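Pasting work.tsv here (TSV, C-alpha atoms):
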```
chain	number	residue	atom	x	y	z
X	1077	MET	CA	-12.51	-39.82	135.05
X	1078	THR	CA	-14.04	-41.08	138.29
X	1079	SER	CA	-17.10	-39.74	140.04
X	1080	ASN	CA	-14.93	-38.52	142.93
X	1081	THR	CA	-12.82	-36.44	140.57
X	1082	ILE	CA	-15.93	-34.86	139.01
X	1083	THR	CA	-17.43	-34.19	142.45
X	1084	ASN	CA	-14.22	-32.61	143.70
X	1085	GLY	CA	-14.04	-30.46	140.57
X	1086	ILE	CA	-17.63	-29.25	141.03
X	1087	ILE	CA	-17.05	-28.49	144.72
X	1088	LYS	CA	-13.85	-26.61	143.88
X	1089	ALA	CA	-15.58	-24.56	141.19
X	1090	ILE	CA	-18.47	-23.70	143.54
X	1091	ALA	CA	-15.99	-22.73	146.27
X	1092	ILE	CA	-14.12	-20.43	143.86
X	1093	ILE	CA	-17.34	-18.79	142.66
X	1094	LEU	CA	-18.53	-18.35	146.24
X	1095	GLY	CA	-15.16	-16.88	147.23
X	1096	VAL	CA	-15.27	-14.40	144.34
X	1097	PHE	CA	-18.79	-13.30	145.32
X	1098	LEU	CA	-17.77	-12.90	148.96
X	1099	LEU	CA	-14.74	-10.86	147.93
X	1100	LEU	CA	-16.85	-8.58	145.71
X	1101	TYR	CA	-19.41	-8.17	148.50
X	1102	PHE	CA	-16.65	-7.31	150.96
X	1103	LEU	CA	-15.19	-4.72	148.56
X	1104	PHE	CA	-18.67	-3.28	148.05
X	1105	LYS	CA	-19.11	-2.88	151.79
X	1106	ILE	CA	-15.77	-1.11	152.27
X	1107	GLN	CA	-15.99	0.99	149.10
X	1108	SER	CA	-15.67	4.26	151.03
X	1109	ILE	CA	-12.41	3.09	152.62
X	1110	LEU	CA	-11.11	2.00	149.22
X	1111	VAL	CA	-11.93	5.46	147.88
X	1112	TYR	CA	-10.02	7.07	150.79
X	1113	ILE	CA	-7.01	4.88	150.02
X	1114	ALA	CA	-7.22	5.68	146.30
X	1115	ILE	CA	-7.40	9.43	146.94
X	1116	ALA	CA	-4.54	9.22	149.43
X	1117	ALA	CA	-2.44	7.25	146.94
X	1118	VAL	CA	-3.05	9.90	144.25
X	1119	ILE	CA	-2.12	12.73	146.65
X	1120	SER	CA	1.02	10.90	147.76
X	1121	LEU	CA	1.94	10.34	144.11
X	1122	ILE	CA	1.53	14.06	143.40
X	1123	GLY	CA	3.37	15.04	146.58
X	1124	SER	CA	6.40	12.79	146.07
X	1125	PRO	CA	8.30	15.35	143.89
X	1126	ILE	CA	7.74	18.02	146.57
X	1127	ILE	CA	9.06	15.69	149.28
X	1128	ARG	CA	12.14	14.86	147.19
X	1129	PHE	CA	12.79	18.57	146.64
X	1130	LEU	CA	12.49	19.38	150.34
X	1131	LYS	CA	14.74	16.48	151.33
X	1132	LYS	CA	17.47	16.99	148.71
X	1133	LYS	CA	17.55	20.76	148.22
X	1134	LEU	CA	16.46	22.06	151.64
X	1135	LYS	CA	17.79	19.12	153.67
X	1136	PHE	CA	14.47	18.50	155.45
X	1137	PRO	CA	14.16	15.29	157.51
X	1138	ASN	CA	11.71	12.83	155.97
X	1139	THR	CA	8.92	13.37	158.52
X	1140	LEU	CA	9.24	17.16	158.39
X	1141	ALA	CA	9.17	17.09	154.57
X	1142	VAL	CA	5.98	15.01	154.64
X	1143	ILE	CA	4.32	17.37	157.15
X	1144	ALA	CA	5.34	20.41	155.09
X	1145	THR	CA	3.93	18.82	151.93
X	1146	LEU	CA	0.65	18.03	153.68
X	1147	LEU	CA	0.45	21.63	154.93
X	1148	ILE	CA	0.96	22.81	151.35
X	1149	PHE	CA	-1.94	20.66	150.15
X	1150	ILE	CA	-4.14	21.83	153.04
X	1151	GLY	CA	-3.27	25.42	152.17
X	1152	ILE	CA	-4.21	24.85	148.54
X	1153	LEU	CA	-7.52	23.26	149.58
X	1154	THR	CA	-8.23	26.15	151.96
X	1155	GLY	CA	-7.42	28.64	149.21
X	1156	LEU	CA	-9.77	26.90	146.78
X	1157	ILE	CA	-12.59	26.97	149.34
X	1158	SER	CA	-11.95	30.64	150.13
X	1159	MET	CA	-12.26	31.45	146.43
X	1160	PHE	CA	-15.96	30.65	146.56
X	1161	ILE	CA	-16.75	32.82	149.60
X	1162	PRO	CA	-16.85	36.09	147.57
X	1163	LEU	CA	-19.05	34.32	145.01
X	1164	ILE	CA	-21.56	33.30	147.69
X	1165	ILE	CA	-21.53	36.80	149.20
X	1166	GLN	CA	-22.05	38.39	145.78
X	1167	GLN	CA	-24.97	36.13	144.96
X	1168	GLY	CA	-26.52	36.96	148.33
X	1169	GLU	CA	-26.21	40.66	147.58
X	1170	ASN	CA	-27.79	40.14	144.16
X	1171	LEU	CA	-30.74	38.35	145.73
X	1172	SER	CA	-31.13	41.05	148.41
X	1173	LEU	CA	-31.33	43.75	145.71
X	1174	LEU	CA	-33.87	41.77	143.74
X	1175	ASN	CA	-37.06	43.61	142.73
X	1176	ILE	CA	-39.59	41.05	143.94
X	1177	ASP	CA	-42.58	42.73	142.27
X	1178	GLN	CA	-40.83	42.85	138.91
X	1179	LEU	CA	-39.71	39.23	139.26
X	1180	GLN	CA	-43.26	38.17	140.11
X	1181	THR	CA	-44.57	40.00	137.06
X	1182	ASN	CA	-41.95	38.34	134.83
X	1183	ILE	CA	-42.72	34.88	136.22
X	1184	GLU	CA	-46.47	35.37	135.85
X	1185	GLN	CA	-46.00	36.55	132.28
X	1186	LEU	CA	-43.71	33.62	131.49
X	1187	LEU	CA	-46.21	31.15	133.01
X	1188	SER	CA	-49.05	32.75	131.09
X	1189	GLU	CA	-47.19	32.50	127.80
X	1190	THR	CA	-46.26	28.89	128.56
X	1191	ASN	CA	-49.83	27.99	129.48
X	1192	ASN	CA	-51.17	29.64	126.30
X	1193	TYR	CA	-48.75	27.57	124.26
X	1194	PHE	CA	-49.92	24.33	125.86
X	1195	LEU	CA	-53.58	25.38	125.67
X	1196	ALA	CA	-53.15	25.58	121.91
X	1197	HIS	CA	-52.27	21.86	122.16
X	1198	ASN	CA	-55.26	21.11	124.45
X	1199	ILE	CA	-53.14	20.85	127.62
X	1200	ASP	CA	-54.16	22.97	130.64
X	1201	VAL	CA	-50.88	23.18	132.60
X	1202	LEU	CA	-52.14	25.60	135.29
X	1203	ASN	CA	-55.13	23.39	136.05
X	1204	GLU	CA	-52.86	20.37	136.43
X	1205	ILE	CA	-50.65	22.32	138.84
X	1206	LYS	CA	-53.68	23.40	140.90
X	1207	ASN	CA	-54.88	19.81	141.14
X	1208	ALA	CA	-51.47	18.54	142.19
X	1209	ASP	CA	-50.79	17.98	145.87
X	1210	LEU	CA	-47.73	20.17	146.31
X	1211	PHE	CA	-47.55	19.75	150.07
X	1212	LYS	CA	-47.54	16.00	150.32
X	1213	ASN	CA	-43.75	15.86	150.33
X	1214	LEU	CA	-43.17	18.50	153.03
X	1215	THR	CA	-42.03	15.71	155.33
X	1216	ALA	CA	-38.97	15.39	153.10
X	1217	ILE	CA	-37.59	18.69	154.44
X	1218	PRO	CA	-36.42	17.31	157.82
X	1219	ASN	CA	-34.98	14.31	156.00
X	1220	LEU	CA	-33.10	16.69	153.70
X	1221	LEU	CA	-31.67	18.59	156.67
X	1222	ASN	CA	-30.59	15.32	158.30
X	1223	SER	CA	-29.01	14.28	155.03
X	1224	VAL	CA	-27.05	17.55	154.79
X	1225	ILE	CA	-25.80	17.19	158.39
X	1226	GLY	CA	-24.84	13.58	157.70
X	1227	THR	CA	-23.00	14.60	154.54
X	1228	VAL	CA	-21.00	17.24	156.41
X	1229	GLY	CA	-20.07	14.64	159.03
X	1230	ASN	CA	-19.02	12.12	156.39
X	1231	LEU	CA	-16.92	14.74	154.61
X	1232	SER	CA	-15.14	15.55	157.87
X	1233	ILE	CA	-14.43	11.89	158.54
X	1234	GLY	CA	-13.33	11.41	154.93
X	1235	LEU	CA	-10.97	14.39	155.04
X	1236	PHE	CA	-9.36	13.20	158.26
X	1237	SER	CA	-9.05	9.64	156.91
X	1238	VAL	CA	-7.45	10.80	153.66
X	1239	LEU	CA	-4.96	13.03	155.50
X	1240	PHE	CA	-4.08	10.23	157.93
X	1241	ILE	CA	-3.56	7.63	155.17
X	1242	THR	CA	-1.68	10.11	152.96
X	1243	PHE	CA	0.74	10.96	155.77
X	1244	PHE	CA	1.86	7.36	156.20
X	1245	LEU	CA	1.92	6.63	152.47
X	1246	MET	CA	4.26	9.58	151.95
X	1247	LYS	CA	6.29	8.91	155.11
X	1248	ASP	CA	6.76	5.20	154.38
X	1249	THR	CA	6.89	5.29	150.60
X	1250	HIS	CA	7.09	1.53	150.14
X	1251	ILE	CA	4.43	0.56	152.70
X	1252	MET	CA	1.74	-0.20	150.10
X	1253	GLU	CA	4.18	-1.84	147.70
X	1254	ASN	CA	5.58	-4.12	150.41
X	1255	SER	CA	2.08	-5.02	151.64
X	1256	ILE	CA	1.23	-6.17	148.11
X	1257	TYR	CA	4.39	-8.26	147.87
X	1258	VAL	CA	3.31	-10.21	150.96
X	1259	ILE	CA	0.36	-11.79	149.14
X	1260	VAL	CA	2.34	-12.95	146.08
X	1261	SER	CA	4.99	-15.62	145.73
X	1262	ASP	CA	8.69	-14.85	145.29
X	1263	ASN	CA	8.50	-15.89	141.64
X	1264	SER	CA	5.83	-13.29	140.95
X	1265	LYS	CA	7.59	-10.34	142.59
X	1266	ASN	CA	9.43	-9.29	139.44
X	1267	LYS	CA	6.20	-9.32	137.43
X	1268	LEU	CA	4.49	-7.29	140.12
X	1269	LYS	CA	7.32	-4.75	140.27
X	1270	THR	CA	7.11	-4.25	136.52
X	1271	SER	CA	3.34	-3.92	136.73
X	1272	LEU	CA	3.52	-1.29	139.49
X	1273	LYS	CA	5.99	0.79	137.48
X	1274	THR	CA	3.73	0.60	134.43
X	1275	ILE	CA	0.68	1.54	136.51
X	1276	GLN	CA	2.51	4.51	138.02
X	1277	ASN	CA	3.58	5.70	134.56
X	1278	LEU	CA	0.09	5.35	133.04
X	1279	LEU	CA	-1.67	7.00	135.98
X	1280	SER	CA	0.81	9.88	136.02
X	1281	ARG	CA	0.04	10.51	132.36
X	1282	TYR	CA	-3.69	10.19	133.08
X	1283	PHE	CA	-3.66	12.78	135.87
X	1284	ILE	CA	-1.57	15.15	133.77
X	1285	GLY	CA	-4.16	14.70	131.01
X	1286	LEU	CA	-6.95	15.55	133.46
X	1287	VAL	CA	-5.13	18.76	134.38
X	1288	PHE	CA	-4.99	19.72	130.69
X	1289	GLN	CA	-8.68	18.82	130.28
X	1290	ILE	CA	-9.74	21.01	133.20
X	1291	THR	CA	-7.48	23.83	132.02
X	1292	ILE	CA	-9.02	23.83	128.53
X	1293	LEU	CA	-12.55	23.93	129.95
X	1294	PHE	CA	-11.57	26.62	132.45
X	1295	VAL	CA	-10.19	28.86	129.69
X	1296	ILE	CA	-13.29	28.43	127.49
X	1297	TYR	CA	-15.69	29.01	130.40
X	1298	THR	CA	-13.77	32.09	131.57
X	1299	ILE	CA	-13.72	33.66	128.10
X	1300	THR	CA	-17.45	32.99	127.67
X	1301	LEU	CA	-18.39	34.48	131.04
X	1302	LEU	CA	-16.13	37.51	130.62
X	1303	ILE	CA	-17.54	38.28	127.18
X	1304	PHE	CA	-21.05	38.56	128.61
X	1305	GLY	CA	-19.97	40.42	131.75
X	1306	ILE	CA	-20.81	37.76	134.35
X	1307	GLU	CA	-19.45	38.67	137.79
X	1308	ASN	CA	-16.89	36.36	139.44
X	1309	ALA	CA	-16.30	34.75	136.05
X	1310	ILE	CA	-13.00	33.10	137.02
X	1311	VAL	CA	-14.42	31.47	140.16
X	1312	ILE	CA	-17.53	30.20	138.35
X	1313	ALA	CA	-15.42	28.87	135.46
X	1314	PHE	CA	-13.04	27.08	137.84
X	1315	LEU	CA	-15.90	25.47	139.79
X	1316	CYS	CA	-17.68	24.25	136.63
X	1317	ALA	CA	-14.41	22.97	135.14
X	1318	LEU	CA	-13.54	21.13	138.36
X	1319	LEU	CA	-16.92	19.37	138.34
X	1320	ASN	CA	-15.91	17.67	135.08
X	1321	LEU	CA	-13.76	15.34	137.19
X	1322	ILE	CA	-17.05	13.54	137.88
X	1323	PRO	CA	-17.75	11.74	134.59
X	1324	TYR	CA	-21.08	12.51	132.85
X	1325	ILE	CA	-22.82	13.73	136.04
X	1326	GLY	CA	-20.34	16.54	136.73
X	1327	PRO	CA	-20.97	18.45	133.46
X	1328	ILE	CA	-24.74	18.37	134.12
X	1329	ILE	CA	-24.26	19.81	137.63
X	1330	GLY	CA	-21.81	22.37	136.25
X	1331	GLY	CA	-24.31	23.41	133.58
X	1332	LEU	CA	-27.05	23.94	136.16
X	1333	ILE	CA	-24.70	25.98	138.36
X	1334	MET	CA	-23.60	28.15	135.44
X	1335	LEU	CA	-27.24	28.62	134.40
X	1336	PHE	CA	-28.27	29.78	137.87
X	1337	LEU	CA	-25.23	32.00	138.46
X	1338	SER	CA	-25.53	33.60	135.02
X	1339	MET	CA	-29.15	34.52	135.70
X	1340	SER	CA	-28.55	35.67	139.28
X	1341	SER	CA	-25.63	37.88	138.24
X	1342	ASN	CA	-28.03	40.00	136.16
X	1343	LEU	CA	-30.90	40.17	138.64
X	1344	GLY	CA	-32.64	43.54	138.63
X	1345	GLN	CA	-32.35	43.94	134.85
X	1346	ASP	CA	-35.08	43.31	132.32
X	1347	PHE	CA	-35.78	39.58	132.01
X	1348	HIS	CA	-36.60	39.44	128.29
X	1349	THR	CA	-33.95	41.84	126.96
X	1350	GLU	CA	-31.05	41.19	129.35
X	1351	ILE	CA	-31.25	38.13	131.60
X	1352	LEU	CA	-32.71	35.59	129.17
X	1353	PRO	CA	-30.52	36.43	126.11
X	1354	THR	CA	-27.33	36.59	128.20
X	1355	THR	CA	-28.10	33.27	129.86
X	1356	ILE	CA	-28.82	31.62	126.51
X	1357	TYR	CA	-25.53	32.85	125.03
X	1358	VAL	CA	-23.59	31.69	128.08
X	1359	MET	CA	-25.16	28.23	127.90
X	1360	ILE	CA	-24.37	28.02	124.19
X	1361	GLY	CA	-20.73	28.66	125.12
X	1362	TYR	CA	-20.97	25.99	127.81
X	1363	VAL	CA	-22.36	23.45	125.33
X	1364	ILE	CA	-19.59	24.26	122.83
X	1365	ALA	CA	-16.99	23.69	125.55
X	1366	GLN	CA	-18.57	20.33	126.40
X	1367	LEU	CA	-18.58	19.29	122.73
X	1368	ILE	CA	-14.88	20.14	122.47
X	1369	ASP	CA	-14.21	18.18	125.65
X	1370	ASN	CA	-16.26	15.13	124.64
X	1371	PHE	CA	-15.03	14.82	121.07
X	1372	LEU	CA	-11.47	16.13	121.32
X	1373	SER	CA	-10.02	16.34	124.86
X	1374	GLN	CA	-11.35	13.15	126.44
X	1375	PRO	CA	-10.62	10.78	123.52
X	1376	VAL	CA	-7.04	12.07	123.36
X	1377	ILE	CA	-6.56	11.67	127.12
X	1378	PHE	CA	-8.01	8.16	127.27
X	1379	SER	CA	-6.27	6.86	124.17
X	1380	ASN	CA	-2.84	8.35	124.90
X	1381	SER	CA	-2.68	8.10	128.69
X	1382	VAL	CA	-4.38	4.87	129.77
X	1383	LYS	CA	-4.32	3.17	126.35
X	1384	SER	CA	-8.05	2.39	126.33
X	1385	HIS	CA	-10.75	2.96	123.74
X	1386	PRO	CA	-13.31	5.70	124.66
X	1387	LEU	CA	-16.20	3.21	124.32
X	1388	GLU	CA	-14.38	0.81	126.63
X	1389	ILE	CA	-13.93	3.62	129.17
X	1390	PHE	CA	-17.59	4.63	128.85
X	1391	LEU	CA	-18.80	1.12	129.70
X	1392	VAL	CA	-16.39	0.81	132.63
X	1393	ILE	CA	-17.53	4.16	134.08
X	1394	MET	CA	-21.21	3.28	133.67
X	1395	ILE	CA	-20.79	-0.12	135.34
X	1396	SER	CA	-18.78	1.43	138.18
X	1397	GLY	CA	-21.48	4.07	138.62
X	1398	VAL	CA	-24.21	1.43	138.90
X	1399	LEU	CA	-22.21	-0.62	141.42
X	1400	PHE	CA	-20.52	2.07	143.52
X	1401	GLY	CA	-22.25	5.37	142.71
X	1402	VAL	CA	-20.48	8.64	141.97
X	1403	THR	CA	-17.31	7.63	143.80
X	1404	GLY	CA	-17.09	4.55	141.61
X	1405	MET	CA	-17.34	6.70	138.48
X	1406	ILE	CA	-14.47	8.90	139.67
X	1407	VAL	CA	-12.04	6.06	140.42
X	1408	ALA	CA	-13.20	3.78	137.57
X	1409	VAL	CA	-10.53	4.70	135.02
X	1410	PRO	CA	-7.47	4.48	137.34
X	1411	THR	CA	-8.71	1.22	138.87
X	1412	TYR	CA	-9.49	-0.33	135.49
X	1413	THR	CA	-6.07	0.68	134.18
X	1414	ALA	CA	-4.33	-0.95	137.15
X	1415	ILE	CA	-6.35	-4.15	136.72
X	1416	LYS	CA	-5.48	-4.32	133.01
X	1417	VAL	CA	-1.76	-3.96	133.69
X	1418	ILE	CA	-1.79	-6.66	136.39
X	1419	LEU	CA	-3.80	-9.03	134.17
X	1420	LYS	CA	-1.31	-8.55	131.35
X	1421	ALA	CA	1.58	-9.44	133.66
X	1422	PHE	CA	0.01	-12.61	135.13
X	1423	LEU	CA	-2.39	-13.78	132.38
X	1424	ALA	CA	-0.54	-12.76	129.24
X	1425	ASP	CA	-1.58	-15.94	127.37
X	1426	ASN	CA	-5.33	-15.38	127.83
X	1427	LYS	CA	-7.00	-14.22	124.60
X	1428	ILE	CA	-9.40	-11.85	126.35
X	1429	VAL	CA	-6.55	-10.25	128.29
X	1430	GLN	CA	-4.49	-9.99	125.09
X	1431	SER	CA	-7.37	-8.19	123.39
X	1432	LEU	CA	-7.87	-5.71	126.25
X	1433	THR	CA	-4.17	-5.00	126.82
X	1434	LYS	CA	-2.77	-5.04	123.29
X	1435	ASN	CA	-1.94	-1.30	123.42
X	1436	ILE	CA	-0.22	-1.36	126.82
```
Could you take the file, read its structure, and then write that structure out as structure tokens?
Amino acid sequence: MTSNTITNGIIKAIAIILGVFLLLYFLFKIQSILVYIAIAAVISLIGSPIIRFLKKKLKFPNTLAVIATLLIFIGILTGLISMFIPLIIQQGENLSLLNIDQLQTNIEQLLSETNNYFLAHNIDVLNEIKNADLFKNLTAIPNLLNSVIGTVGNLSIGLFSVLFITFFLMKDTHIMENSIYVIVSDNSKNKLKTSLKTIQNLLSRYFIGLVFQITILFVIYTITLLIFGIENAIVIAFLCALLNLIPYIGPIIGGLIMLFLSMSSNLGQDFHTEILPTTIYVMIGYVIAQLIDNFLSQPVIFSNSVKSHPLEIFLVIMISGVLFGVTGMIVAVPTYTAIKVILKAFLADNKIVQSLTKNI
């Protein structure tokens, strides 16, 4: 082996590594667009049966069927949003009827009992609070308002982008598939076609599994809230169940929302005999639902739908969360599944790929 061959090999390896890093950096920069495309692809996948029904049974032209399907999805989204308006109004009424003096007395009593507990352990909590500079972060309020306005703007742009991409994905059903075929050789087209069919099958099963997961949580939450007489139980249960689509972070947010809404639904009643016990029982029901989901529902969904071990999925979601935030955690499982299928088709002889894709 000559020195020129070694030098060329080193240069080629460095170029490949550099190219991979540039590609990853580019994908990182356009992650929001990739998320829009992923969401649009999922919606188009869900809407394809509706389009087929409209075209075959009702004889709709293709474009009209796509528009009608999009209007159906927009109507569903509008209906879901309108479900939460009565909940917000009810919570506002509860807060307006709140006995401020009684609440202040309850809070002072609770703080006193808490401080007495810590004083028994030589910790003066109230003194520490008095010494703390509680106003040093007031400048964060304008930043928070700017952040909220920016979030609303981003959501508007995201919604328009998803609708725009979804329209063309449903109108030209093979546009994404054909664009992928352009970057592969003719010899690899058959492998890619098989991979795409496998990906579509696995992701369809995955999304159906998610529907079952949310339904199970929704039923448990609803029963728990109805037992303890929480107002707007169905809306609260649906919101908390829907938040479970965000892995690991969603259940925490849902728990906090259920905690707050459970307490605010009983405002005006005695704190120690009504509000606190009811809230504790509701949260026990919430924890039981999460245990059922974590140890029964999720393992079944992951193992049977995307053919991946729960620990494998956990690591993928965590890594995606570190790299791409919450959006990365949401799309981690579908993306990882697609990558596994493609690797199996093109690198079937690799031992690592064989180990990861043995169940596919």
Distance in Å - atom CA of X:Tyr1297 versus atom CA of X:Ala1313: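 Atom-to-atom, atom CA of X:Tyr1297 to atom CA of X:Ala1313, that is 5.1 Å.
For the atom pair formed by atom CA of X:Gly1234 and atom CA of X:Ser1108, the distance is 8.5 Å, given to one decimal.
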Selected residue, from X:Ile1364, X:Ile1328, X:Ile1333, X:Val1238, that lies nearest to X:Ile1150 when counting only C-alpha atoms: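 Using only C-alpha atoms, X:Ile1150 sits closest to X:Val1238.
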Take every atom of stretch 1285-1298 of chain X listed in the file, fit an axis-aligned box around them, add 8 Å per side, and give the centre and edge lengths in Å to one decimal as JSON.
```
{"center_x": -9.9, "center_y": 23.4, "center_z": 130.9, "size_x": 27.5, "size_y": 33.4, "size_z": 22.9}
```
Long-range neighbours of stretch 1351-1362 of chain X as a ChimeraX atom specification, 7 Å cut-off, only C-alpha atoms, 6 positions minimum in chain: /X:1297,1300-1301,1304,1335,1338-1339,1342,1345
Which residue of X:Ala1408, X:Leu1140, X:Leu1367, X:Leu1195 approaches X:Leu1110 most closely, using only C-alpha atoms: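 Checking each candidate against X:Leu1110, we get X:Ala1408 as the closest.
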Nearby residues (all atoms listed in the file) at most 12 Å from stretch 1118-1132 of chain X, same-chain spacing under 5 positions excluded, as a VMD selection string: chain X and resid 1111 to 1113 1137 to 1150 1238 to 1252 1275 to 1277 1279 to 1284 1407 1410 to 1411
Top pick for closest residue to X:Ser1384, considering X:Gln1366, X:Val1398, X:Lys1434, X:Leu1332 and counting all atoms listed in the file: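 Distance minimum relative to X:Ser1384 lands on X:Lys1434.
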Option closest in space to X:Glu1307, from X:Gly1404, X:Ser1340, X:Glu1350, X:Ile1292 [counting only C-alpha atoms]: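 Looking only at the distances to X:Glu1307, the closest residue turns out to be X:Ser1340.
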Minimum-distance residue to X:Gln1374, chosen among X:Leu1286, X:Leu1268, X:Ala1114, X:Met1394 (using only C-alpha atoms):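 For X:Gln1374, the nearest of the given residues is X:Leu1286.
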Atom-to-atom span, atom CA of X:Phe1314 and atom CA of X:Leu1399, Å: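 A separation of 29.4 Å between them.
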Nearby residues (only C-alpha atoms) at most 12 Å from X:Ile1418, same-chain spacing under 2 positions excluded, as a ChimeraX atom specification: /X:1264-1275,1411-1416,1420-1424,1429,1432-1433,1436
